[in-house]
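Worksheet: the structure to be examined is printed underneath.
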Amino acid sequence: MTIAGSDMKVDYWTDLLGGLAERHPGLCRRIADRETRMLGERLEEARVDRPVYIAGIARSGSTILLELLARHPDIATHRYRDFPLVMTPWSWNWFIDRAGRPDQAPSERAHRDRITVTPESPEAFEEVLWMAFFEGAHDPSQSAVLTRNTSNAAFERFYEEHILKLMLLRGGHRYLAKGNYNITRLAYLRRLFPDARFVVPVRDPLWHVASLMKQHALFSGPGETDPRVRRHLRRAGHFEFGPDRQTINTGDPEVVAEIEALWAEGREVEGWALHWANVYGHVADTLARDADLASATRLVRYEEFCADPAAEMASLLDHCGLSHEDLPEQAAARVSAPDYYEPAFSDTERAALEARTAPVLARLGTLR
């Protein structure tokens with residue numbers, strides 16, 4: 001298996017096996033259940049302890065948070081090597097370890113954002129599991145919000161077993177997941193794991209929208225011309241940008257319709273701004289009415305993190321209940337504000353963006 005580099009190519013075997021997994025999810029689940037039975041007592045003696053969830057709109061700084069937290073010795077998380085057979089981590093990694101796969105030098109990922117990756121780098125692949133158990137998870141015509149009242153017994157059993165297997169496989173005892181779409185599932189996850197910790201990255205909407213538009217343009221071209229790229233994005237559960245871009249339905253179909261109409265009219269900046277306000281407005285609403293969830297959630301402001309990475313990293317580790325190790329120093333050495341693009345919006349676009357996002361940004365300012 002190879003990973004997509006800056007030329008955004010998906011190798012033949014990843015595409016082939018990804019197609020098999022997509023067409024035969026039942027088979028993958030049966031193999032996963034067999035893994036669980038095979039591991040037996042090794043899993044029965046384990047428990048999911050204070051899992052850490054990073055959830056926010058794409059391009060909010062979630063990847064650098066994932067990479068830094070994943071360096072902690074207690075942490076276990078998904079890696080690039082886990083795709084495409086994400087549902088069967090034990091069997092797939094057993095095969096990969098014996099397949100004679102050559103080492104790969106770090107290369108800049110397809111997003112062209114200075115982050116270099118290898119098959120051993122942490123990555124967000126949890127969405128494969130959610131899509132297998134929640135039909136229409138990315139259908140903008142239906143609400144994506146899961147609450148404390150949501151119940152899916154089959155998923156909940158499978159999910160917990162999957163986490164335990166991943167921790168056993170990676171040798172960690174704290175699970176870490178980056179999942180953009182978990183932003184509408186925080187309350188549900190809190191019910192599943194009452195000691196979970198949540199990290200919600202927030203970025204200045206002007207720069208955030210500019211970054212989203214840059215990525216949308218970057219992924220749309222290859223996604224339209226190379227069917228492997230488009231299939232890969234769909235199978236991994238990436239609909240944030242690219243040819244199959246979808247907004248997130250947080251429970252208001254009229255907002256969804258307005259966002260889609262703005263994009264269809266070519267009013268990209270305003271459409272993205274409303275998308276931003278809709279999602280983070282949902283976060284503000286959810287935390288305002290759920291004090292327990294709010295106490296378990298930390299908003300990480302991208303600009304503050306870039307300005308003082310060591311202090312922000314230390315506070316984040318405290319929130320997650322993790323020892324500091326040397327991660328604040330690593331953050332200080334690695335994190336800086338981007339200097340490879342600038343927002344190129346007209347005055348009219350900037351005014352529309354601010355009008356859409358300012359009220360929500362103000363509400364987020366009251367949360368920590």
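Chain labels follow the order of the structure tokens: the first chain is A, the next B, and so on; residue numbering restarts at 1 in every chain, and ligands are counted from 1 in their shown order.
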Contact residues around Phe133 (chain A) with only C-alpha atoms at 12 Å, ignoring same-chain residues under 5 positions, as number ranges by chain: A: 25-26, 29, 87, 126-128, 151-159
Near-Asp308 (chain A) list (12 Å; only C-alpha atoms; drop same-chain fewer than 6 positions) as an MDAnalysis selection string: chainID A and resid 300:302 314:315 328:329 331:337
Residues near Glu258 (chain A), cut-off 10 Å, only C-alpha atoms, skip fewer than 6 positions along chain, as a PyMOL selection string: chain A and resi 264+271+274-275
CA of Leu169 (chain A) to CA of Leu66 (chain A), distance in Å rounded to a single decimal: 18.5 Å
Strand (DSSP E or B) call set, DSSP backbone run, region 3-212 of chain A, as JSON, numbers by chain: {"A": [52, 53, 54, 75, 76, 79, 107, 108, 116, 117, 122, 174, 175, 176, 177, 178, 197, 198, 199, 200, 201, 202]}
Long-range neighbours of region 240-245 of chain A as number ranges by chain, 12 Å cut-off, only C-alpha atoms, 3 positions minimum in chain: A: 56-59, 111, 138-140, 179-181, 209, 211-227, 229-237, 248, 259-260, 263-264, 268, 272, 275-276
Which region 152-228 of chain A residues have any atom within 10 Å of an atom of region 75-80 of chain A, and for each, what is the nearest pair of atoms with distance in Å to one decimal, counting only C-alpha atoms, rows sorted by chain and number, as a tab-separated table?
residue	atom	partner	partner_atom	distance
A:Ile163	CA	A:Thr77	CA	8.7
A:Leu164	CA	A:Ala76	CA	9.7
A:Leu166	CA	A:Ala76	CA	6.8
A:Met167	CA	A:Ala76	CA	5.3
A:Leu168	CA	A:Ala76	CA	8.5
A:Leu169	CA	A:Ala76	CA	8.4
A:Arg170	CA	A:Ala76	CA	5.6
A:Gly171	CA	A:Ala76	CA	6.9
A:Gly172	CA	A:Ala76	CA	4.8
A:His173	CA	A:Ile75	CA	6.3
A:Arg174	CA	A:Ile75	CA	4.9
A:Tyr175	CA	A:Ala76	CA	5.0
A:Leu176	CA	A:Thr77	CA	5.1
A:Ala177	CA	A:Thr77	CA	6.2
A:Lys178	CA	A:Thr77	CA	8.7
For the selection just defined, write its residues with all heavy atoms to a file, as a short mmCIF file (atom, residue, chain, number, x, y, z; two decimals), in the first residue's frame.
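The resulting file, again.cif, is shown below:
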data_model
loop_
_atom_site.label_atom_id
_atom_site.label_comp_id
_atom_site.auth_asym_id
_atom_site.auth_seq_id
_atom_site.Cartn_x
_atom_site.Cartn_y
_atom_site.Cartn_z
N ILE A 163 -11.81 -0.27 19.24
CA ILE A 163 -10.90 0.57 20.00
C ILE A 163 -9.95 -0.29 20.84
O ILE A 163 -8.73 -0.05 20.88
CB ILE A 163 -11.67 1.55 20.89
CG1 ILE A 163 -12.42 2.58 20.03
CG2 ILE A 163 -10.74 2.26 21.87
CD1 ILE A 163 -13.34 3.50 20.82
N LEU A 164 -10.49 -1.30 21.51
CA LEU A 164 -9.65 -2.18 22.33
C LEU A 164 -8.61 -2.90 21.49
O LEU A 164 -7.45 -3.03 21.90
CB LEU A 164 -10.53 -3.18 23.08
CG LEU A 164 -11.47 -2.61 24.14
CD1 LEU A 164 -12.37 -3.68 24.70
CD2 LEU A 164 -10.67 -1.93 25.26
N LEU A 166 -7.35 -1.86 18.65
CA LEU A 166 -6.37 -0.89 18.18
C LEU A 166 -5.37 -0.55 19.29
O LEU A 166 -4.16 -0.44 19.04
CB LEU A 166 -7.08 0.38 17.70
CG LEU A 166 -6.28 1.27 16.77
CD1 LEU A 166 -6.07 0.59 15.42
CD2 LEU A 166 -6.98 2.60 16.55
N MET A 167 -5.85 -0.41 20.52
CA MET A 167 -4.95 -0.14 21.63
C MET A 167 -4.01 -1.32 21.86
O MET A 167 -2.80 -1.12 22.11
CB MET A 167 -5.75 0.16 22.90
CG MET A 167 -6.49 1.49 22.85
SD MET A 167 -7.11 2.04 24.48
CE MET A 167 -8.21 0.69 24.91
N LEU A 168 -4.52 -2.52 21.76
CA LEU A 168 -3.68 -3.71 21.92
C LEU A 168 -2.64 -3.78 20.81
O LEU A 168 -1.46 -4.07 21.04
CB LEU A 168 -4.55 -4.97 21.90
CG LEU A 168 -3.84 -6.30 22.11
CD1 LEU A 168 -3.18 -6.36 23.48
CD2 LEU A 168 -4.85 -7.44 21.95
N LEU A 169 -3.07 -3.47 19.59
CA LEU A 169 -2.18 -3.51 18.43
C LEU A 169 -1.06 -2.48 18.56
O LEU A 169 0.10 -2.77 18.23
CB LEU A 169 -3.01 -3.23 17.17
CG LEU A 169 -2.28 -3.19 15.83
CD1 LEU A 169 -1.77 -4.58 15.46
CD2 LEU A 169 -3.22 -2.67 14.74
N ARG A 170 -1.39 -1.29 19.04
CA ARG A 170 -0.43 -0.19 19.08
C ARG A 170 0.32 -0.10 20.41
O ARG A 170 1.28 0.69 20.54
CB ARG A 170 -1.14 1.14 18.79
CG ARG A 170 -1.81 1.19 17.42
CD ARG A 170 -0.81 1.61 16.32
NE ARG A 170 -0.95 0.83 15.11
CZ ARG A 170 -1.80 1.05 14.13
NH1 ARG A 170 -2.66 2.05 14.20
NH2 ARG A 170 -1.81 0.28 13.06
N GLY A 171 -0.12 -0.85 21.39
CA GLY A 171 0.58 -0.83 22.66
C GLY A 171 0.31 0.38 23.52
O GLY A 171 1.08 0.71 24.43
N GLY A 172 -0.79 1.07 23.29
CA GLY A 172 -1.17 2.22 24.10
C GLY A 172 -2.39 1.90 24.94
O GLY A 172 -3.08 0.91 24.70
N HIS A 173 -2.66 2.73 25.94
CA HIS A 173 -3.86 2.49 26.75
C HIS A 173 -4.81 3.68 26.77
O HIS A 173 -5.77 3.69 27.52
CB HIS A 173 -3.48 2.09 28.18
CG HIS A 173 -2.79 3.17 28.95
ND1 HIS A 173 -1.43 3.33 28.97
CD2 HIS A 173 -3.28 4.15 29.76
CE1 HIS A 173 -1.11 4.34 29.75
NE2 HIS A 173 -2.21 4.87 30.22
N ARG A 174 -4.56 4.68 25.91
CA ARG A 174 -5.49 5.79 25.72
C ARG A 174 -5.75 5.92 24.22
O ARG A 174 -4.82 6.06 23.43
CB ARG A 174 -4.91 7.10 26.26
CG ARG A 174 -4.67 7.15 27.77
CD ARG A 174 -5.95 7.32 28.55
NE ARG A 174 -6.69 8.52 28.21
CZ ARG A 174 -6.40 9.74 28.67
NH1 ARG A 174 -5.37 9.92 29.50
NH2 ARG A 174 -7.14 10.77 28.34
N TYR A 175 -7.01 5.88 23.84
CA TYR A 175 -7.39 5.97 22.43
C TYR A 175 -7.54 7.42 22.02
O TYR A 175 -8.14 8.23 22.73
CB TYR A 175 -8.70 5.22 22.20
CG TYR A 175 -9.26 5.35 20.80
CD1 TYR A 175 -8.57 4.83 19.70
CD2 TYR A 175 -10.49 5.97 20.57
CE1 TYR A 175 -9.09 4.93 18.42
CE2 TYR A 175 -11.02 6.06 19.29
CZ TYR A 175 -10.31 5.55 18.23
OH TYR A 175 -10.83 5.66 16.94
N LEU A 176 -7.00 7.75 20.84
CA LEU A 176 -7.10 9.09 20.27
C LEU A 176 -7.70 9.01 18.88
O LEU A 176 -7.27 8.19 18.06
CB LEU A 176 -5.71 9.73 20.18
CG LEU A 176 -5.57 11.02 19.36
CD1 LEU A 176 -6.33 12.17 20.02
CD2 LEU A 176 -4.10 11.39 19.18
N ALA A 177 -8.71 9.82 18.62
CA ALA A 177 -9.34 9.82 17.30
C ALA A 177 -9.52 11.25 16.83
O ALA A 177 -10.02 12.11 17.56
CB ALA A 177 -10.70 9.12 17.35
N LYS A 178 -9.09 11.49 15.59
CA LYS A 178 -9.45 12.73 14.92
C LYS A 178 -10.59 12.39 13.96
O LYS A 178 -10.45 11.49 13.12
CB LYS A 178 -8.27 13.30 14.15
CG LYS A 178 -8.64 14.50 13.27
CD LYS A 178 -7.55 14.78 12.25
CE LYS A 178 -8.18 15.36 10.99
NZ LYS A 178 -7.20 15.54 9.90
#
DSSP helix (DSSP H, G or I) selection over region 127-311 of chain A, as a PyMOL selection string: chain A and resi 127-133+153-170+180-184+186-192+205-225+227-236+253-264+268-289+291-295+302-307+309-311
Which of A:Pro338, A:Gly321, A:Gly266, A:Gly136 sits closest to His72 (chain A) [using only C-alpha atoms]: A:Gly321
Find the nearest atom pair between each residue of region 64-161 of chain A and region 309-312 of chain A for residues within 12 Å, count only C-alpha atoms, give distances in Å to one decimal, sort rows by chain and ascending number, and present the table as a tab-separated table.
residue	atom	partner	partner_atom	distance
A:Ile64	CA	A:Pro309	CA	11.0
A:Leu65	CA	A:Pro309	CA	10.5
A:Leu68	CA	A:Pro309	CA	10.9
Residue among A:Arg148, A:Arg197, A:Arg81, A:Arg203 lying closest to Val52 (chain A), counting only C-alpha atoms: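 Nearest to Val52 (chain A): A:Arg197.
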Nearby residues (only C-alpha atoms) at most 8 Å from Leu17 (chain A), same-chain spacing under 4 positions excluded, as a list in words: Trp13, Ala21, Pro84 and Leu85 of chain A
Selection: 9 Å around Ile183 (chain A), only C-alpha atoms, excl. self and same-chain fewer than 6 positions, as a list in words: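 Everything that qualifies: Ile54, Ala55, Gly56, Ile57, Val145, Val200, Val279, Tyr280, His282 and Val283 of chain A.
Within 9 Å of Leu364 (chain A), once only C-alpha atoms are used and residues closer than 3 positions along the same chain are dropped, the contacting residues are Val202, Tyr280, Gly281, Val283, Ala284, Leu299, Pro359, Val360, Leu361, Leu367 and Arg368 of chain A.
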